[in-house]
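Structure data follow from data.cif (mmCIF, C-alpha atoms):
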data_data
#
loop_
_atom_site.label_atom_id
_atom_site.label_comp_id
_atom_site.auth_asym_id
_atom_site.auth_seq_id
_atom_site.Cartn_x
_atom_site.Cartn_y
_atom_site.Cartn_z
CA GLY A 1 -72.39 -71.68 -101.40
CA ASP A 2 -72.97 -73.10 -104.82
CA SER A 3 -73.41 -70.71 -107.73
CA VAL A 4 -73.69 -70.71 -111.50
CA THR A 5 -72.68 -67.90 -113.83
CA GLN A 6 -73.76 -67.88 -117.44
CA MET A 7 -73.43 -65.37 -120.23
CA GLU A 8 -76.06 -62.71 -120.43
CA GLY A 9 -78.41 -62.57 -123.33
CA PRO A 10 -80.21 -62.15 -125.43
CA VAL A 11 -78.19 -63.97 -128.06
CA THR A 12 -79.41 -63.51 -131.61
CA LEU A 13 -78.13 -65.84 -134.32
CA SER A 14 -78.99 -66.58 -137.91
CA GLU A 15 -80.21 -70.05 -138.75
CA GLU A 16 -77.37 -72.58 -139.18
CA ALA A 17 -74.94 -70.48 -137.14
CA PHE A 18 -72.74 -71.99 -134.44
CA LEU A 19 -73.91 -71.52 -130.86
CA THR A 20 -71.91 -71.26 -127.67
CA ILE A 21 -73.41 -70.27 -124.34
CA ASN A 22 -70.79 -70.01 -121.63
CA CYS A 23 -71.36 -71.36 -118.14
CA THR A 24 -69.04 -71.53 -115.13
CA TYR A 25 -69.80 -72.77 -111.66
CA THR A 26 -68.66 -72.68 -108.06
CA ALA A 27 -69.39 -75.66 -105.85
CA THR A 28 -68.02 -77.77 -103.07
CA GLY A 29 -67.34 -81.35 -104.00
CA TYR A 30 -68.22 -82.75 -107.39
CA PRO A 31 -71.64 -81.60 -108.53
CA SER A 32 -73.73 -82.87 -111.38
CA LEU A 33 -74.16 -80.27 -114.13
CA PHE A 34 -77.21 -79.62 -116.28
CA TRP A 35 -78.59 -77.53 -119.06
CA TYR A 36 -82.32 -76.86 -118.94
CA VAL A 37 -84.36 -75.25 -121.70
CA GLN A 38 -87.59 -73.32 -121.53
CA TYR A 39 -89.46 -72.91 -124.80
CA PRO A 40 -91.99 -70.06 -125.02
CA GLY A 41 -95.09 -70.84 -123.00
CA GLU A 42 -93.73 -74.14 -121.69
CA GLY A 43 -92.13 -75.45 -118.51
CA LEU A 44 -88.46 -76.08 -117.94
CA GLN A 45 -87.12 -79.26 -119.51
CA LEU A 46 -83.85 -81.04 -118.92
CA LEU A 47 -81.79 -80.72 -122.11
CA LEU A 48 -78.63 -82.59 -121.10
CA LYS A 49 -76.52 -83.52 -118.11
CA ALA A 50 -73.07 -84.62 -117.02
CA THR A 51 -72.30 -86.20 -113.69
CA LYS A 52 -68.50 -86.31 -113.57
CA ALA A 53 -65.40 -84.63 -114.96
CA ASP A 54 -64.82 -85.00 -118.71
CA ASP A 55 -68.34 -86.36 -119.25
CA LYS A 56 -70.04 -84.98 -122.34
CA GLY A 57 -73.79 -84.53 -122.25
CA SER A 58 -75.61 -84.38 -125.56
CA ASN A 59 -79.17 -84.13 -126.84
CA LYS A 60 -80.93 -82.71 -129.91
CA GLY A 61 -77.57 -81.66 -131.41
CA PHE A 62 -76.54 -79.76 -128.28
CA GLU A 63 -73.40 -80.73 -126.39
CA ALA A 64 -71.64 -79.68 -123.19
CA THR A 65 -68.50 -81.09 -121.57
CA TYR A 66 -67.88 -81.11 -117.80
CA ARG A 67 -64.53 -79.33 -117.39
CA LYS A 68 -63.40 -79.61 -113.80
CA GLU A 69 -60.12 -77.75 -114.34
CA THR A 70 -61.92 -74.66 -115.63
CA THR A 71 -65.17 -75.27 -113.68
CA SER A 72 -67.10 -74.82 -116.89
CA PHE A 73 -69.96 -76.47 -118.76
CA HIS A 74 -70.39 -74.51 -121.98
CA LEU A 75 -73.33 -75.34 -124.23
CA GLU A 76 -72.64 -75.72 -127.97
CA LYS A 77 -74.54 -76.55 -131.12
CA GLY A 78 -73.07 -76.65 -134.57
CA SER A 79 -76.07 -75.40 -136.52
CA VAL A 80 -79.00 -73.74 -134.77
CA GLN A 81 -82.56 -73.75 -136.04
CA VAL A 82 -85.42 -71.33 -135.51
CA SER A 83 -87.05 -73.96 -133.30
CA ASP A 84 -84.09 -73.68 -130.88
CA SER A 85 -85.27 -70.22 -129.83
CA ALA A 86 -85.75 -70.49 -126.08
CA VAL A 87 -84.21 -69.59 -122.73
CA TYR A 88 -81.34 -71.84 -121.66
CA PHE A 89 -80.41 -72.35 -118.00
CA CYS A 90 -77.16 -73.80 -116.75
CA ALA A 91 -77.53 -75.54 -113.40
CA LEU A 92 -75.83 -77.79 -110.87
CA SER A 93 -76.77 -80.09 -108.03
CA ASP A 94 -74.72 -81.51 -105.20
CA SER A 95 -77.42 -84.06 -104.41
CA GLY A 96 -78.30 -86.04 -107.49
CA TYR A 97 -81.00 -84.29 -109.45
CA GLN A 98 -82.59 -82.52 -106.55
CA LYS A 99 -82.05 -79.08 -105.01
CA VAL A 100 -80.78 -77.59 -108.24
CA THR A 101 -78.94 -74.25 -108.34
CA PHE A 102 -79.63 -72.32 -111.52
CA GLY A 103 -77.89 -69.63 -113.52
CA THR A 104 -79.80 -66.56 -114.65
CA GLY A 105 -80.71 -67.97 -118.05
CA THR A 106 -79.71 -66.94 -121.55
CA LYS A 107 -82.35 -66.11 -124.11
CA LEU A 108 -81.55 -67.37 -127.60
CA GLN A 109 -83.32 -66.03 -130.63
CA VAL A 110 -82.65 -67.66 -134.00
CA ILE A 111 -83.75 -65.74 -137.06
CA PRO A 112 -84.35 -67.30 -140.49
CA SER B 1 -91.81 -89.04 -117.28
CA ALA B 2 -94.10 -86.86 -115.19
CA VAL B 3 -96.52 -84.17 -116.28
CA ILE B 4 -96.98 -81.29 -113.88
CA SER B 5 -100.05 -79.09 -113.95
CA GLN B 6 -99.76 -75.80 -112.16
CA LYS B 7 -102.51 -73.27 -111.62
CA PRO B 8 -103.26 -70.51 -111.89
CA SER B 9 -100.93 -69.78 -114.78
CA ARG B 10 -101.02 -66.08 -113.96
CA ASP B 11 -102.75 -63.72 -111.58
CA ILE B 12 -102.82 -60.07 -110.64
CA CYS B 13 -103.34 -59.47 -106.93
CA GLN B 14 -103.73 -56.58 -104.56
CA ARG B 15 -101.18 -55.76 -101.89
CA GLY B 16 -101.92 -57.44 -98.57
CA THR B 17 -103.87 -60.37 -100.00
CA SER B 18 -102.78 -64.01 -100.33
CA LEU B 19 -102.65 -66.36 -103.31
CA THR B 20 -102.51 -70.15 -103.26
CA ILE B 21 -100.81 -71.91 -106.16
CA GLN B 22 -101.60 -75.56 -106.85
CA CYS B 23 -99.28 -78.17 -108.29
CA GLN B 24 -100.60 -81.54 -109.48
CA VAL B 25 -98.35 -84.35 -110.76
CA ASP B 26 -99.75 -87.17 -112.88
CA SER B 27 -97.71 -89.83 -111.07
CA GLN B 28 -96.39 -90.42 -107.58
CA VAL B 29 -93.12 -88.64 -106.94
CA THR B 30 -90.73 -88.60 -104.02
CA MET B 31 -89.58 -85.02 -104.20
CA MET B 32 -91.51 -81.80 -104.79
CA PHE B 33 -89.99 -78.34 -104.75
CA TRP B 34 -91.08 -74.74 -105.11
CA TYR B 35 -88.90 -72.18 -106.91
CA ARG B 36 -89.20 -68.45 -107.47
CA GLN B 37 -87.89 -66.57 -110.48
CA GLN B 38 -87.80 -62.84 -110.00
CA PRO B 39 -87.55 -60.60 -113.06
CA GLY B 40 -84.11 -60.86 -114.65
CA GLN B 41 -82.85 -63.30 -112.04
CA SER B 42 -82.24 -67.02 -111.78
CA LEU B 43 -84.54 -69.55 -110.20
CA THR B 44 -84.25 -69.63 -106.42
CA LEU B 45 -85.36 -72.61 -104.36
CA ILE B 46 -87.99 -71.62 -101.80
CA ALA B 47 -88.56 -74.94 -100.10
CA THR B 48 -88.84 -78.69 -100.34
CA ALA B 49 -92.42 -79.87 -99.92
CA ASN B 50 -92.43 -82.93 -97.66
CA GLN B 51 -95.32 -85.34 -97.80
CA GLY B 52 -97.15 -85.46 -94.49
CA SER B 53 -94.81 -83.10 -92.65
CA GLU B 54 -93.67 -79.50 -92.58
CA ALA B 55 -91.80 -78.16 -95.59
CA THR B 56 -88.06 -77.53 -95.44
CA TYR B 57 -87.33 -73.88 -96.20
CA GLU B 58 -84.18 -72.40 -97.71
CA SER B 59 -82.39 -69.47 -96.16
CA GLY B 60 -84.39 -66.28 -96.59
CA PHE B 61 -87.79 -67.97 -96.83
CA VAL B 62 -90.14 -68.56 -93.90
CA ILE B 63 -93.27 -70.57 -93.34
CA ASP B 64 -95.40 -67.59 -92.33
CA LYS B 65 -94.80 -65.93 -95.68
CA PHE B 66 -94.81 -69.06 -97.87
CA PRO B 67 -96.87 -71.80 -96.22
CA ILE B 68 -96.68 -75.06 -98.17
CA SER B 69 -98.82 -78.14 -98.00
CA ARG B 70 -98.25 -81.60 -99.44
CA PRO B 71 -101.06 -83.91 -98.39
CA ASN B 72 -100.05 -86.78 -100.70
CA LEU B 73 -97.42 -87.88 -103.22
CA THR B 74 -98.96 -86.09 -106.20
CA PHE B 75 -100.17 -82.69 -104.94
CA SER B 76 -98.75 -79.60 -103.28
CA THR B 77 -99.75 -76.00 -102.72
CA LEU B 78 -97.73 -72.86 -102.12
CA THR B 79 -99.38 -69.80 -100.60
CA VAL B 80 -97.84 -66.37 -100.98
CA SER B 81 -99.15 -64.48 -97.95
CA ASN B 82 -99.65 -60.78 -97.28
CA MET B 83 -98.31 -59.94 -100.70
CA SER B 84 -96.32 -56.88 -101.64
CA PRO B 85 -95.06 -55.74 -105.07
CA GLU B 86 -91.69 -57.38 -104.24
CA ASP B 87 -93.44 -60.75 -104.45
CA SER B 88 -94.12 -60.24 -108.16
CA SER B 89 -92.36 -63.24 -109.70
CA ILE B 90 -92.82 -66.48 -111.51
CA TYR B 91 -93.37 -69.36 -109.10
CA LEU B 92 -92.45 -72.84 -110.32
CA CYS B 93 -93.29 -76.26 -109.00
CA SER B 94 -90.93 -79.12 -109.71
CA ALA B 95 -91.10 -82.82 -108.93
CA GLY B 96 -89.12 -85.99 -109.33
CA THR B 97 -88.07 -89.28 -107.83
CA PHE B 98 -84.80 -89.48 -105.95
CA ASN B 99 -81.80 -89.64 -108.28
CA GLU B 100 -83.97 -89.21 -111.35
CA LYS B 101 -84.47 -86.05 -113.27
CA LEU B 102 -86.69 -83.22 -112.15
CA PHE B 103 -89.77 -82.13 -114.06
CA PHE B 104 -91.12 -78.61 -113.95
CA GLY B 105 -94.52 -77.03 -114.24
CA SER B 106 -95.00 -74.12 -116.62
CA GLY B 107 -95.11 -71.66 -113.74
CA THR B 108 -97.43 -69.09 -112.20
CA GLN B 109 -96.76 -65.51 -113.15
CA LEU B 110 -97.78 -63.33 -110.22
CA SER B 111 -98.11 -59.55 -110.35
CA VAL B 112 -98.84 -57.63 -107.14
CA LEU B 113 -100.19 -54.12 -107.40
#
So, in terms of structure tokens, how does the structure I just supplied come out?
Amino acid sequence: GDSVTQMEGPVTLSEEAFLTINCTYTATGYPSLFWYVQYPGEGLQLLLKATKADDKGSNKGFEATYRKETTSFHLEKGSVQVSDSAVYFCALSDSGYQKVTFGTGTKLQVIP
Amino acid sequence: SAVISQKPSRDICQRGTSLTIQCQVDSQVTMMFWYRQQPGQSLTLIATANQGSEATYESGFVIDKFPISRPNLTFSTLTVSNMSPEDSSIYLCSAGTFNEKLFFGSGTQLSVL
């Protein structure tokens, strides 16, 4: 079945550092790929998405590129802020946006 | 966008009892789902809540343990029945319209003693 593997956390970075959170997936067909974010005390929110190979999703300075050849969807940001501290989930869906399969989440802590 | 209200936000329950979690969406949605997030693990889909009919359960989840109702397009409940400590998890409601993004509630943190 479908699965998502993402790097374990927590990840601790200083403000303005470069962020990479690795994510790889296993799926039949051509899934849509997502990054969700959960800020402390809040619900999951969709951060960005990509629906086909070589698509780049971007939002709030975060980017991720759908790499079919390496089955990866790594999350990057050039300069993190304290307000980026949250748990980040990589996810995929074979059926549009529904029935999403999630990774285990990576907690990011950004210190001033 | 849709705003999802989920309650209770947390509860501590005794073994053998049941807890019903409510999920209210502020707009009509096609799809509603229930997820479970066990400590240190990813979110796992429990079931799809179908309006006016029985829920569709994923492998490993059964109706007797997790009965679900969805009486209309904006409301659903999940009951965790005959609880044991292994049921201690965060339970999340999500909702959306077909081929549009999913929205999530802030979750119910359940601890079973």
What are the residues of chain A that have an atom within 10 Å of an atom of chain B, counting all atoms listed in the file, as a VMD selection string? chain A and resid 4 to 5 38 to 46 49 89 to 91 95 to 105
I'd like the interatomic distance between atom CA of B:Leu113 and atom CA of B:Trp34, to a tenth of an Å. 22.7 Å
Straight-line distance linking atom CA of B:Ala49 with atom CA of A:Thr51, stated in Å to one decimal: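 Here the two named atoms are 25.2 Å from each other.
Remark: for B:Val80, the closest of the candidate residues B:Leu110, B:Val29, B:Val62, B:Leu19 is B:Leu19 (distances computed over all atoms listed in the file).
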Can you list what the PyMOL selection byres ((chain B and resi 55) around 10) grabs from this structure, as a PDB file with C-alpha atoms, in the frame of the given file?
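Result file selection06.pdb:
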ATOM      1  CA  MET B  32     -91.510 -81.800-104.790  1.00  0.00           C
ATOM      2  CA  PHE B  33     -89.990 -78.340-104.750  1.00  0.00           C
ATOM      3  CA  ILE B  46     -87.990 -71.620-101.800  1.00  0.00           C
ATOM      4  CA  ALA B  47     -88.560 -74.940-100.100  1.00  0.00           C
ATOM      5  CA  THR B  48     -88.840 -78.690-100.340  1.00  0.00           C
ATOM      6  CA  ALA B  49     -92.420 -79.870 -99.920  1.00  0.00           C
ATOM      7  CA  ASN B  50     -92.430 -82.930 -97.660  1.00  0.00           C
ATOM      8  CA  GLN B  51     -95.320 -85.340 -97.800  1.00  0.00           C
ATOM      9  CA  GLY B  52     -97.150 -85.460 -94.490  1.00  0.00           C
ATOM     10  CA  SER B  53     -94.810 -83.100 -92.650  1.00  0.00           C
ATOM     11  CA  GLU B  54     -93.670 -79.500 -92.580  1.00  0.00           C
ATOM     12  CA  THR B  56     -88.060 -77.530 -95.440  1.00  0.00           C
ATOM     13  CA  TYR B  57     -87.330 -73.880 -96.200  1.00  0.00           C
ATOM     14  CA  GLU B  58     -84.180 -72.400 -97.710  1.00  0.00           C
ATOM     15  CA  VAL B  62     -90.140 -68.560 -93.900  1.00  0.00           C
ATOM     16  CA  ILE B  63     -93.270 -70.570 -93.340  1.00  0.00           C
ATOM     17  CA  PHE B  66     -94.810 -69.060 -97.870  1.00  0.00           C
ATOM     18  CA  PRO B  67     -96.870 -71.800 -96.220  1.00  0.00           C
ATOM     19  CA  ILE B  68     -96.680 -75.060 -98.170  1.00  0.00           C
ATOM     20  CA  SER B  69     -98.820 -78.140 -98.000  1.00  0.00           C
ATOM     21  CA  ARG B  70     -98.250 -81.600 -99.440  1.00  0.00           C
TER      22      ARG B  70
END
Quote the spacing between atom CA of A:Asp94 and atom CA of B:Asp87 in Å to one decimal place. 28.0 Å
Apply the PyMOL selection byres ((chain A and resi 76) around 7) to the file shown and report the selected residues as a ChimeraX atom specification. /A:19-21,62-64,74-75,77-78
Spatial neighbours of A:Ala27, 7 Å, all atoms listed in the file, chain gap at least 6 places, as a VMD selection string: chain A and resid 1 to 3
Name the residues captured by the PyMOL selection byres ((chain A and resi 9) around 6) when it is applied to the shown file; answer as a PyMOL selection string. chain A and resi 8+10-11+106-107
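Remark: for B:Asp64, the closest of the candidate residues B:Pro85, B:Ser18, B:Arg36, B:Ile12 is B:Ser18 (distances computed over all atoms listed in the file).
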When distances are computed from all atoms listed in the file, which of B:Ser111, B:Gln22, B:Gln14, B:Gln28 shows the smallest separation from B:Thr74?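 For B:Thr74, the nearest of the given residues is B:Gln28.
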Given all atoms listed in the file as the counted atoms, nearest of A:Met7, A:Gly61, A:Ser93, A:Glu69 to A:Cys23: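 Of A:Met7, A:Gly61, A:Ser93, A:Glu69, the one nearest A:Cys23 is A:Met7, counting all atoms listed in the file.
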Just the residues within 9 Å of A:Ser14, please, counting all atoms listed in the file, with nothing from its chain fewer than 3 positions along; format it as a ChimeraX atom specification. /A:17-18,80-82,109-112
First collect every listed atom of stretch 35-50 of chain B; then fit an axis-aligned box around them, widen it by 3 Å on each side, and give centre and edge lengths in Å to one decimal, as lines of an AutoDock Vina configuration file.
center_x = -87.3
center_y = -71.8
center_z = -106.2
size_x = 16.2
size_y = 28.3
size_z = 23.0
